[in-house]
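Everything below concerns the one structure shown next.
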Amino acid sequence: MHESGCFVLPNPWDIGTAIYLEHLGFEALATTSAGFAFSRGKRDGGVPRDEMLDHIREIVEVTALPVNADFLAGYADEPEGVAANVRLCIATGGAVLSLEDNTGRTDTPLYEKKLAVERIRAARAAIDASTTGVVLSGRCEAWLVHDPDPLHTALERLVAYAEAGADCLYAPGVSKPDEIAQIVKTVSPKPVNILVSGFNHQLSLSQLADLGVRRISVGSGLALAAWGAFIRAAKDIKTNGTFNLLANGAVFADVNKLFQEKS
C-alpha cells in the first residue's frame with residue numbers, strides 16, 4: 001500500500017469506531033494515542049504501556065484490515081528498552097508500528113538526534129528479528145513541540161531515521177504544501193505520511209496525492225470531531241435547557257444494525 005498512490009489511514013479510538021471505519025471501506029486503520037486516552041479520561045501520553053498494548057490488540061482483533069499501532073515514544077528512553085517494548089507491540093498483531101522522538105519533557109522536548117536515531121535502529125532490529133514484516137514509521141515531532149525551525153529539524157531527522165531503518169516517514173504538524181513537497185522529495189523514495197486534522201483541514205486527498213504523499217492519517221481528528229459534537233450538545237442542554245443538537249446525531253437504527261450484524 002505504501003509503494004504507489006495515496007491512501008487514507010483513519011484513526012478509530014475504540015472497537016465500535018474501528019468496525020464502522022472498516023464498514024465504510026477504508027483499506028487500513030491506525031490507533032490514536034490521544035483518542036484512546038481521552039476515552040479513558042486520561043491525557044495524551046497518560047495511558048500506561050500495558051493498557052495501550054491491550055487497546056492495540058483489541059483493535060487488531062476486531063478488524064480484518066491492517067492496523068498501524070501508535071506506540072508513542074516506545075515507552076522507554078534508551079534503545080534497549082525501546083527494542084523490548086517494540087517486541088511486545090509486534091506481538092499485538094499490528095502491521096505497522098509508529099515510533100516518535102518526543103521525550104514528553106518541556107526542557108528537552110525531542111530526544112537528542114544521535115539517541116533518536118539509535119532508538120529507530122533498535123526498533124528496526126527488533127522488527128527484523130521477529131521476521132513479521134512489520135512496517136516501521138519514524139516520526140519527528142518538531143512541529144508538535146514548537147521547535148524554532150521545525151522544517152530544518154524534521155528534514156534532518158527524517159533522513160537519518162530513514163537511513164536507520166524507518167520504512168515510512170512522518171512529521172505531524174506540517175501544513176504548508178511547499179514544506180510537505182520538500183519532505184517528500186528529501187526522503188524519496190521512502191513514503192511519507194501526513195497528518196490532517198483541524199489545524200490543516202483545508203488540505204485534500206487529491207492535493208496531498210499530487211504532492212507525492214503516500215499515506216494520510218487523521219490522528220485524534222475524528223475523536224475530537226466526536227468530542228466537539230458531544231460538548232456542544234451537552235452544553236446546549238445545560239445552558240439553554242434545549243435538546244436541539246441531538247437532532248444531528250447518527251441514526252440509532254443504522255448504528256444498531258451494523259453492530260447487530262457484527263455480533
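The chains in the C-alpha cells are called A, B, ... from first to last as shown; in each chain the residues are counted from 1, and the ligands are counted from 1 in the order shown.
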Near region 37-54 of chain A, 12 Å: region 154-254 of chain A residue rows, closest pairs, only C-alpha atoms, as JSON lines:
```
{"residue": "A:Gly219", "atom": "CA", "partner": "A:Asp44", "partner_atom": "CA", "distance": 11.6}
{"residue": "A:Ser220", "atom": "CA", "partner": "A:Phe38", "partner_atom": "CA", "distance": 9.5}
{"residue": "A:Ala223", "atom": "CA", "partner": "A:Phe38", "partner_atom": "CA", "distance": 8.5}
{"residue": "A:Leu224", "atom": "CA", "partner": "A:Phe38", "partner_atom": "CA", "distance": 9.3}
{"residue": "A:Ala226", "atom": "CA", "partner": "A:Ser39", "partner_atom": "CA", "distance": 10.9}
{"residue": "A:Trp227", "atom": "CA", "partner": "A:Phe38", "partner_atom": "CA", "distance": 9.2}
```
Worksheet item: Neighbours of region 179-183 of chain A within 9 Å (only C-alpha atoms; same-chain residues fewer than 6 positions away dropped), as a list in words?
Response: Leu151, Ala154, Leu155, Leu158, Leu169, Ala171, Val192, Ile194, Leu208, Leu211, Gly212 and Val213 of chain A
Item to complete: Determine, counting only C-alpha atoms, which protein, DNA and RNA residues have an atom within 9 Å of an atom of Glu58 (chain A); residues of the same chain fewer than 3 positions away are not included. Present the result as a list in words.
Response: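 The neighbour list is Asp14, Ile15, Leu53, Asp54, His55, Glu61, Val62, Thr63 and Thr92 of chain A.
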Writing out the chosen residues with N, CA and C atoms as a PDB file, in the first residue's frame:
```pdb
ATOM      1  N   ASP A  14     -11.829   3.199  19.469  1.00  0.00           N
ATOM      2  CA  ASP A  14     -12.383   2.066  20.215  1.00  0.00           C
ATOM      3  C   ASP A  14     -12.882   1.023  19.218  1.00  0.00           C
ATOM      4  N   ILE A  15     -13.417  -0.066  19.720  1.00  0.00           N
ATOM      5  CA  ILE A  15     -13.864  -1.152  18.858  1.00  0.00           C
ATOM      6  C   ILE A  15     -14.966  -0.698  17.905  1.00  0.00           C
ATOM      7  N   LEU A  53      -1.046  -1.522  24.947  1.00  0.00           N
ATOM      8  CA  LEU A  53      -0.875  -2.773  24.209  1.00  0.00           C
ATOM      9  C   LEU A  53      -2.200  -3.529  24.106  1.00  0.00           C
ATOM     10  N   ASP A  54      -2.956  -3.550  25.192  1.00  0.00           N
ATOM     11  CA  ASP A  54      -4.269  -4.214  25.180  1.00  0.00           C
ATOM     12  C   ASP A  54      -5.199  -3.536  24.187  1.00  0.00           C
ATOM     13  N   HIS A  55      -5.144  -2.208  24.145  1.00  0.00           N
ATOM     14  CA  HIS A  55      -6.002  -1.465  23.220  1.00  0.00           C
ATOM     15  C   HIS A  55      -5.616  -1.753  21.771  1.00  0.00           C
ATOM     16  N   GLU A  61      -7.716  -7.222  16.588  1.00  0.00           N
ATOM     17  CA  GLU A  61      -8.539  -8.432  16.593  1.00  0.00           C
ATOM     18  C   GLU A  61      -9.954  -8.207  16.080  1.00  0.00           C
ATOM     19  N   VAL A  62     -10.422  -6.958  16.072  1.00  0.00           N
ATOM     20  CA  VAL A  62     -11.808  -6.712  15.669  1.00  0.00           C
ATOM     21  C   VAL A  62     -11.941  -6.403  14.178  1.00  0.00           C
ATOM     22  N   THR A  63     -10.805  -6.244  13.489  1.00  0.00           N
ATOM     23  CA  THR A  63     -10.862  -5.880  12.075  1.00  0.00           C
ATOM     24  C   THR A  63      -9.981  -6.793  11.251  1.00  0.00           C
ATOM     25  N   THR A  92       1.125  -7.814  19.321  1.00  0.00           N
ATOM     26  CA  THR A  92      -0.306  -7.487  19.253  1.00  0.00           C
ATOM     27  C   THR A  92      -0.885  -7.806  17.880  1.00  0.00           C
TER      28      THR A  92
END
```
Discussion item. DSSP on the backbone, strand (DSSP E or B) only: what residues of region 20-120 of chain A does that give? Format it as a PyMOL selection string.
Written reply: chain A and resi 29-30+67-70+96-100+102+110
Output file for the residues above (C-alpha atoms, as a compact mmCIF listing (two decimals), in the first residue's frame):
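Output contents, as saved in selection.txt:
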```
# COMPACT_ATOMS: atom_id res chain seq x y z
CA LEU A 29 -6.65 1.73 10.19
CA ALA A 30 -4.40 3.34 12.77
CA VAL A 67 -3.54 -1.69 11.69
CA ASN A 68 -0.89 0.94 12.39
CA ALA A 69 -0.06 0.98 16.10
CA ASP A 70 0.52 4.47 17.53
CA VAL A 96 2.75 -1.02 11.22
CA LEU A 97 4.39 0.49 14.28
CA SER A 98 4.97 4.23 14.70
CA LEU A 99 7.78 5.49 16.93
CA GLU A 100 8.19 9.17 17.77
CA ASN A 102 9.06 13.32 21.62
CA LEU A 110 12.96 15.98 21.43
```
Discussion item. DSSP on the backbone: which residues in region 33-210 of chain A end up as alpha helix (DSSP H)? Give the answer as a count of residues only.
Written reply: 83
Practice prompt. Using only C-alpha atoms, pick whichever of A:Val60, A:Ala142, A:Leu203, A:Ala18 has the shortest atom-to-atom distance to Tyr111 (chain A).
Written response: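 Closest residue, counting only C-alpha atoms: A:Ala142.
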Discussion item. Taking 6 positions as the minimum chain separation for residues in the same chain, which residues sit within 8 Å of Leu9 (chain A) when counting only C-alpha atoms? Answer as a list of chain:residue names.
Written reply: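 The contact residues come out as A:Phe26, A:Glu27, A:Ala28, A:Leu29, A:Ala30, A:Arg215, A:Ile216, A:Ser217, A:Val218.
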